[in-house]
Amino acid sequence: MAPPVDARLELEAVRLTALYGRRAVVTDVSILFPAHTVTAVIGPSGCGKSTFLRCLNRMHELSEGGWVTGQVLLDGADIYDPGVDPVRLRRRVGMVFQRPTPFPTMSIHDNVAAGLRVNGRRARTDVDAAVERALRQAALWDEVKDRLRSSALALSGGQQQRLCIARALAPEPEVLLLDEPTASLDPAGTQRIEELCHELKGSYTIVIVTHNLQQAARISDYTAFFYLGELVEVDRTEALFTKPAAERTEAYITGRFG
Amino acid sequence: MSARRVRRRLVSALMTGVVGALSLLAVLALVLILGHLAVKGATSLDWSFFTRNPVPVGESGGGVANAIVGTAIIVGLASLIGLPVGIGAGLYLAEFGSGRLGWIVRFVADVLNGTPSIVVGIFAWTWLVKPMGHFSALAGSVALAVLMVPMLARTTEEMVRLVPHSLREAALALGYPRWRTSLRIVARTALAGIVTGCLVGVARIAGETAPLLFTALGNLNFTTDLMQPMQALSLQIYQYATGPFEEWHRLAWAAAIVLMGLVLLLGVAARWAIRQRHGAAR
C-alpha cells in the first residue's frame, strides 16, 4: 500500500536560469520533481548540477555574484517571490553536502538539534524525541545512542555524513537536496546512504546530484541529464538509461565523454 | 651515484645541524634571561615583597604590592576596553570585510600594529592627560587598549577565516540567519583560537612601559583610583632600575621576575587554550 501522496512536497523549476554576474551557468531549466520520488541529477563536472541544486533552496544567491531568473515552485508557490524569507525557506528544503560538515563545537545530539533550536523548538523532551527520530531515520541511532553527548568529530566519515542527513531531517523539511552525498565515502557508507534514500522518499521528495551513474540507476525514480548548464533530458530512470532520447545523453551514459 | 648519495647525506646532516643550532640559540636567549632574573632577583622574593608598598629611600625592605595591583587594574581595564573592540572588529573583517570599508579597516589596523608604542603613549597624553590636567590610570589603560585592538582584530580575523566555508554553508542551509551563523557556528568554532589571541594580546600589553610613562606615570603609594597616577610593574622596573640605589636595583630584579612570571602564565594559559581546541578535534 503506497502512502498517500502529499502534494505539498512537489517541487518544480520553471525556466530557471542561474548566473554569476553576467555568466549563466544554468540556462532555462524547467523540471518537475514529483512528491515522494527520488530524482538523480547527472552530468559531467562543471555542467551546473550543483549550482542548479543550490537554486532550489536559495543557496546560490549567497555565492558572490550569484542570482537567478525564473521560478521555483514549492507546493505551488514561487520560492523567489519577494515575500519569501530565504532563511525560512531553507528550513523547508533541507540540504546535505558533498563532504560531511558536522559542527565541530557541538555534540552529536546538539548537531542534530541545531536546526530545531533555530526553528524555535526548545522544549527539552520535544527536542530529544525529534533528535532520536531523525537519527533513526538516518540509520545512525543504534551506533550513537550511548554517546549522544560526545563530539560529532569522533564519528567516522560515513557516520558524519549520516549525522548531517539526520541534522537536515530533524526540522522535518519537505524536500531533501543531496549534493554528491557519497563522494567522500567508502562503499559500505555509500550503500547505507543509498538505502536511506529509498526509505526516506516515503516522507520527502529527494533530489540527488551524483557523478556515479550506477548510483543514479540504483536509487532514483527519475534521472535528469545536465550538460553545459542545460537540462538535456529527464525521464524515468529506467527509460533514460535504456532508451535515451537525446544523442548526448546516450554518449554520456555509455561513457563516450564526461 | 654513490658519491652523490654521500654528498646528499652530508648536506642534509649539515643543514639539520645548522637549523638545530639556530633554534637552540633562539631558546638560549630566553633561558639566559630567566636564569639571570632568577639569580639576581629570586632572593628578594618574599611575602612582604608582594604585600607591602615601597618604603622611603634609606629604609630597606618594602614591596611592590601597589605595582602588582596597579598592573592588574590598568591591564584589566585596557582589556575591558580593548577585547570587545578588537574581537568585534576582527569578526567584522572576517565576515563582512570584503568591501572597501574592510580594506580600510585592515590597512589602518596594520599601520597601527606597526606603530611604536611610545607614539601611542604620546597620543594618549595629548587626548586624555592634557585635557584632564593630570596623569591617570585611565589614560594608561586607554593607551594600552589602543595597542591591543589592532593586534586582536587581525588575529581574530585570521582565526575566524580558518573556519571552513562549508560549515557556514551547512548552517545557512539549515535555516540559520546570517548573524546567528556568524556567532553560533563560526565564532564558536574559532573560539579557542580567539581566546588564545586574547591571552597573547594581554600578555603583550602587560609588559608595555613606554605608553605608561606619560599616562599612568607611576605612584609610590597604593591606589585604586582610576583618575590618579598609578604604579605598574613595568614602570616600577624602569624607575628602580634607572635609579641610583642598590636597594632599588634589587627590587627591580624581583619585580622583573614577577612581570615575567605573569607573562609566562598567560602564555601557558594560551597554550592550554590551543590544546583544548585540538582536544575537541580528536
# chains A, B, ... in the order shown; residues from 1 in each chain; ligands from 1
>>> interface_residues(of="chain B", to="chain A", cutoff="9 Å", atoms="only C-alpha atoms", output="list in words")
Ser166, Leu167, Glu169, Ala170, Ala171, Leu172, Ala173, Leu174, Gly175, Tyr176, Pro177, Arg178, Arg180, Ile185, Arg188, Thr189, Ala280, Ala281 and Arg282 of chain B
>>> write_last_selection(atoms="N, CA and C atoms", output="mmCIF file, in the first residue's frame")
data_model
loop_
_atom_site.group_PDB
_atom_site.id
_atom_site.type_symbol
_atom_site.label_atom_id
_atom_site.label_comp_id
_atom_site.auth_asym_id
_atom_site.auth_seq_id
_atom_site.Cartn_x
_atom_site.Cartn_y
_atom_site.Cartn_z
ATOM 1 N N SER B 166 32.491 25.569 4.332
ATOM 2 C CA SER B 166 31.435 24.551 4.273
ATOM 3 C C SER B 166 30.592 24.542 5.548
ATOM 4 N N LEU B 167 31.214 24.877 6.692
ATOM 5 C CA LEU B 167 30.458 24.922 7.950
ATOM 6 C C LEU B 167 29.421 26.036 7.911
ATOM 7 N N GLU B 169 28.086 27.319 5.238
ATOM 8 C CA GLU B 169 27.019 26.931 4.315
ATOM 9 C C GLU B 169 26.083 25.933 4.955
ATOM 10 N N ALA B 170 26.652 24.997 5.729
ATOM 11 C CA ALA B 170 25.816 23.988 6.373
ATOM 12 C C ALA B 170 24.815 24.664 7.307
ATOM 13 N N ALA B 171 25.282 25.663 8.040
ATOM 14 C CA ALA B 171 24.392 26.359 8.974
ATOM 15 C C ALA B 171 23.325 27.147 8.213
ATOM 16 N N LEU B 172 23.739 27.836 7.164
ATOM 17 C CA LEU B 172 22.774 28.617 6.381
ATOM 18 C C LEU B 172 21.732 27.698 5.754
ATOM 19 N N ALA B 173 22.180 26.519 5.280
ATOM 20 C CA ALA B 173 21.251 25.583 4.649
ATOM 21 C C ALA B 173 20.250 25.022 5.651
ATOM 22 N N LEU B 174 20.613 25.077 6.947
ATOM 23 C CA LEU B 174 19.693 24.598 7.979
ATOM 24 C C LEU B 174 18.672 25.663 8.354
ATOM 25 N N GLY B 175 18.802 26.835 7.757
ATOM 26 C CA GLY B 175 17.879 27.910 8.080
ATOM 27 C C GLY B 175 18.383 28.820 9.180
ATOM 28 N N TYR B 176 19.713 28.858 9.371
ATOM 29 C CA TYR B 176 20.285 29.823 10.309
ATOM 30 C C TYR B 176 20.329 31.189 9.638
ATOM 31 N N PRO B 177 19.866 32.247 10.325
ATOM 32 C CA PRO B 177 20.093 33.589 9.786
ATOM 33 C C PRO B 177 21.599 33.872 9.803
ATOM 34 N N ARG B 178 21.992 34.833 9.019
ATOM 35 C CA ARG B 178 23.415 35.100 8.850
ATOM 36 C C ARG B 178 24.109 35.444 10.171
ATOM 37 N N ARG B 180 23.299 34.685 13.146
ATOM 38 C CA ARG B 180 23.366 33.548 14.046
ATOM 39 C C ARG B 180 24.427 32.552 13.585
ATOM 40 N N ILE B 185 27.941 29.446 15.060
ATOM 41 C CA ILE B 185 28.736 28.415 14.391
ATOM 42 C C ILE B 185 30.170 28.902 14.155
ATOM 43 N N ARG B 188 31.960 30.417 17.402
ATOM 44 C CA ARG B 188 32.123 29.322 18.360
ATOM 45 C C ARG B 188 33.251 28.383 17.947
ATOM 46 N N THR B 189 33.284 28.070 16.650
ATOM 47 C CA THR B 189 34.306 27.163 16.159
ATOM 48 C C THR B 189 35.692 27.788 16.299
ATOM 49 N N ALA B 280 39.355 18.918 21.232
ATOM 50 C CA ALA B 280 37.991 18.784 20.723
ATOM 51 C C ALA B 280 37.995 18.216 19.315
ATOM 52 N N ALA B 281 39.101 18.442 18.603
ATOM 53 C CA ALA B 281 39.146 17.995 17.216
ATOM 54 C C ALA B 281 39.459 16.506 17.114
ATOM 55 N N ARG B 282 39.835 15.908 18.234
ATOM 56 C CA ARG B 282 40.204 14.497 18.161
ATOM 57 C C ARG B 282 39.012 13.586 18.323
#
>>> residues_around(residues="range 143-153 of chain B", least_positions_apart="3", cutoff="9 Å", atoms="only C-alpha atoms", output="JSON, numbers by chain")
{"B": [74, 75, 77, 78, 79, 80, 81, 82, 83, 84, 85, 86, 87, 88, 89, 90, 91, 92, 93, 106, 108, 109, 110, 111, 112, 113, 115, 117, 120, 121, 122, 123, 124, 125, 138, 139, 140, 156, 157, 158, 194, 197, 198, 201, 202, 204, 205, 206, 208, 211, 212, 215]}
>>> write_last_selection(atoms="N, CA and C atoms", output="compact mmCIF listing (two decimals), in the first residue's frame")
# COMPACT_ATOMS: atom_id res chain seq x y z
N ILE B 74 45.28 48.40 35.54
CA ILE B 74 45.48 49.07 34.25
C ILE B 74 45.28 48.10 33.09
N VAL B 75 45.89 46.90 33.22
CA VAL B 75 45.76 45.91 32.15
C VAL B 75 44.32 45.38 32.08
N LEU B 77 41.54 46.99 32.89
CA LEU B 77 40.69 47.99 32.26
C LEU B 77 40.97 48.09 30.76
N ALA B 78 42.26 48.00 30.41
CA ALA B 78 42.62 48.04 28.98
C ALA B 78 41.98 46.87 28.25
N SER B 79 41.97 45.69 28.89
CA SER B 79 41.35 44.52 28.27
C SER B 79 39.85 44.72 28.13
N LEU B 80 39.28 45.30 29.16
CA LEU B 80 37.83 45.55 29.15
C LEU B 80 37.44 46.44 27.97
N ILE B 81 38.31 47.41 27.69
CA ILE B 81 38.03 48.30 26.55
C ILE B 81 38.45 47.62 25.25
N GLY B 82 39.63 47.02 25.27
CA GLY B 82 40.25 46.56 24.03
C GLY B 82 39.68 45.26 23.48
N LEU B 83 39.37 44.31 24.37
CA LEU B 83 38.93 43.00 23.88
C LEU B 83 37.65 43.07 23.05
N PRO B 84 36.58 43.71 23.57
CA PRO B 84 35.36 43.74 22.75
C PRO B 84 35.57 44.45 21.42
N VAL B 85 36.29 45.57 21.47
CA VAL B 85 36.50 46.33 20.22
C VAL B 85 37.32 45.50 19.24
N GLY B 86 38.40 44.91 19.73
CA GLY B 86 39.29 44.13 18.85
C GLY B 86 38.59 42.92 18.27
N ILE B 87 37.91 42.17 19.13
CA ILE B 87 37.23 40.96 18.66
C ILE B 87 36.11 41.33 17.69
N GLY B 88 35.37 42.37 18.05
CA GLY B 88 34.28 42.81 17.18
C GLY B 88 34.80 43.22 15.81
N ALA B 89 35.89 43.99 15.81
CA ALA B 89 36.46 44.43 14.53
C ALA B 89 36.94 43.22 13.74
N GLY B 90 37.54 42.25 14.43
CA GLY B 90 38.03 41.05 13.75
C GLY B 90 36.90 40.27 13.11
N LEU B 91 35.80 40.13 13.87
CA LEU B 91 34.64 39.42 13.33
C LEU B 91 34.10 40.14 12.10
N TYR B 92 34.04 41.47 12.21
CA TYR B 92 33.55 42.25 11.08
C TYR B 92 34.43 42.02 9.85
N LEU B 93 35.76 42.10 10.06
CA LEU B 93 36.68 41.94 8.94
C LEU B 93 36.53 40.58 8.30
N ARG B 106 41.39 47.17 7.69
CA ARG B 106 42.53 46.26 7.72
C ARG B 106 43.84 47.04 7.58
N VAL B 108 44.39 50.25 8.26
CA VAL B 108 44.61 51.05 9.46
C VAL B 108 45.12 50.16 10.61
N ALA B 109 44.52 48.99 10.73
CA ALA B 109 44.94 48.08 11.79
C ALA B 109 46.40 47.68 11.61
N ASP B 110 46.79 47.42 10.37
CA ASP B 110 48.17 47.02 10.12
C ASP B 110 49.14 48.16 10.44
N VAL B 111 48.75 49.37 10.06
CA VAL B 111 49.61 50.52 10.36
C VAL B 111 49.73 50.71 11.87
N LEU B 112 48.58 50.62 12.55
CA LEU B 112 48.55 50.80 13.99
C LEU B 112 49.37 49.71 14.69
N ASN B 113 49.32 48.52 14.11
CA ASN B 113 50.09 47.40 14.65
C ASN B 113 51.59 47.69 14.63
N THR B 115 52.87 50.72 14.73
CA THR B 115 53.20 51.99 15.37
C THR B 115 53.96 51.74 16.68
N SER B 117 55.00 51.87 20.39
CA SER B 117 54.06 52.06 21.48
C SER B 117 54.23 53.42 22.15
N VAL B 120 51.91 55.90 20.61
CA VAL B 120 50.55 55.75 21.14
C VAL B 120 50.44 56.44 22.50
N GLY B 121 51.50 56.30 23.30
CA GLY B 121 51.53 56.96 24.59
C GLY B 121 51.42 58.47 24.47
N ILE B 122 52.14 59.02 23.50
CA ILE B 122 52.10 60.48 23.30
C ILE B 122 50.68 60.93 22.95
N PHE B 123 50.03 60.13 22.10
CA PHE B 123 48.67 60.49 21.72
C PHE B 123 47.72 60.42 22.91
N ALA B 124 47.89 59.38 23.73
CA ALA B 124 47.05 59.26 24.91
C ALA B 124 47.28 60.46 25.83
N TRP B 125 48.52 60.90 25.91
CA TRP B 125 48.82 62.09 26.72
C TRP B 125 48.10 63.31 26.16
N LEU B 138 43.51 55.65 34.05
CA LEU B 138 42.58 55.54 32.93
C LEU B 138 43.28 55.83 31.60
N ALA B 139 44.08 56.89 31.59
CA ALA B 139 44.80 57.24 30.36
C ALA B 139 45.75 56.11 29.96
N GLY B 140 46.39 55.50 30.96
CA GLY B 140 47.28 54.38 30.67
C GLY B 140 46.52 53.22 30.06
N THR B 156 41.92 37.74 15.46
CA THR B 156 40.54 37.23 15.42
C THR B 156 40.11 36.97 13.99
N GLU B 157 40.43 37.92 13.12
CA GLU B 157 40.06 37.75 11.72
C GLU B 157 40.66 36.46 11.15
N GLU B 158 41.96 36.26 11.44
CA GLU B 158 42.61 35.06 10.92
C GLU B 158 41.96 33.79 11.45
N ILE B 194 40.50 32.43 19.18
CA ILE B 194 40.29 33.82 19.58
C ILE B 194 40.76 34.02 21.02
N GLY B 197 44.41 34.27 21.10
CA GLY B 197 44.82 35.59 20.63
C GLY B 197 44.67 36.64 21.72
N CYS B 198 43.58 36.54 22.48
CA CYS B 198 43.34 37.49 23.57
C CYS B 198 44.42 37.37 24.64
N GLY B 201 47.56 38.78 23.46
CA GLY B 201 47.42 40.23 23.43
C GLY B 201 47.57 40.85 24.81
N VAL B 202 46.92 40.24 25.81
CA VAL B 202 47.01 40.75 27.18
C VAL B 202 48.46 40.65 27.67
N ARG B 204 51.10 40.75 25.89
CA ARG B 204 51.90 41.77 25.21
C ARG B 204 51.79 43.12 25.93
N ILE B 205 50.57 43.56 26.24
CA ILE B 205 50.43 44.89 26.81
C ILE B 205 50.82 44.91 28.29
N ALA B 206 50.78 43.75 28.94
CA ALA B 206 51.13 43.72 30.36
C ALA B 206 52.56 44.16 30.57
N GLU B 208 54.20 46.33 28.56
CA GLU B 208 54.49 47.61 27.94
C GLU B 208 54.88 48.66 28.99
N PRO B 211 54.16 53.40 26.77
CA PRO B 211 52.89 54.14 26.74
C PRO B 211 52.40 54.55 28.13
N LEU B 212 52.98 53.93 29.17
CA LEU B 212 52.53 54.26 30.52
C LEU B 212 53.31 55.43 31.11
N THR B 215 51.32 58.52 30.89
CA THR B 215 49.87 58.39 31.09
C THR B 215 49.56 57.98 32.53
>>> residues_around(residues="Gly261 in chain B", least_positions_apart="2", cutoff="12 Å", atoms="only C-alpha atoms", output="number ranges by chain")
B: 34, 37-38, 42, 68, 203, 206-207, 233, 254-259, 263-268
>>> closest_residue(among="A:Cys55, A:Gly43, A:Ser30, A:Ala113", to="Glu250 in chain A", atoms="only C-alpha atoms")
A:Gly43
>>> closest_residue(among="A:Ile193, A:Ile253, A:Val38, A:Ile31", to="Gly158 in chain A", atoms="only C-alpha atoms")
A:Ile193
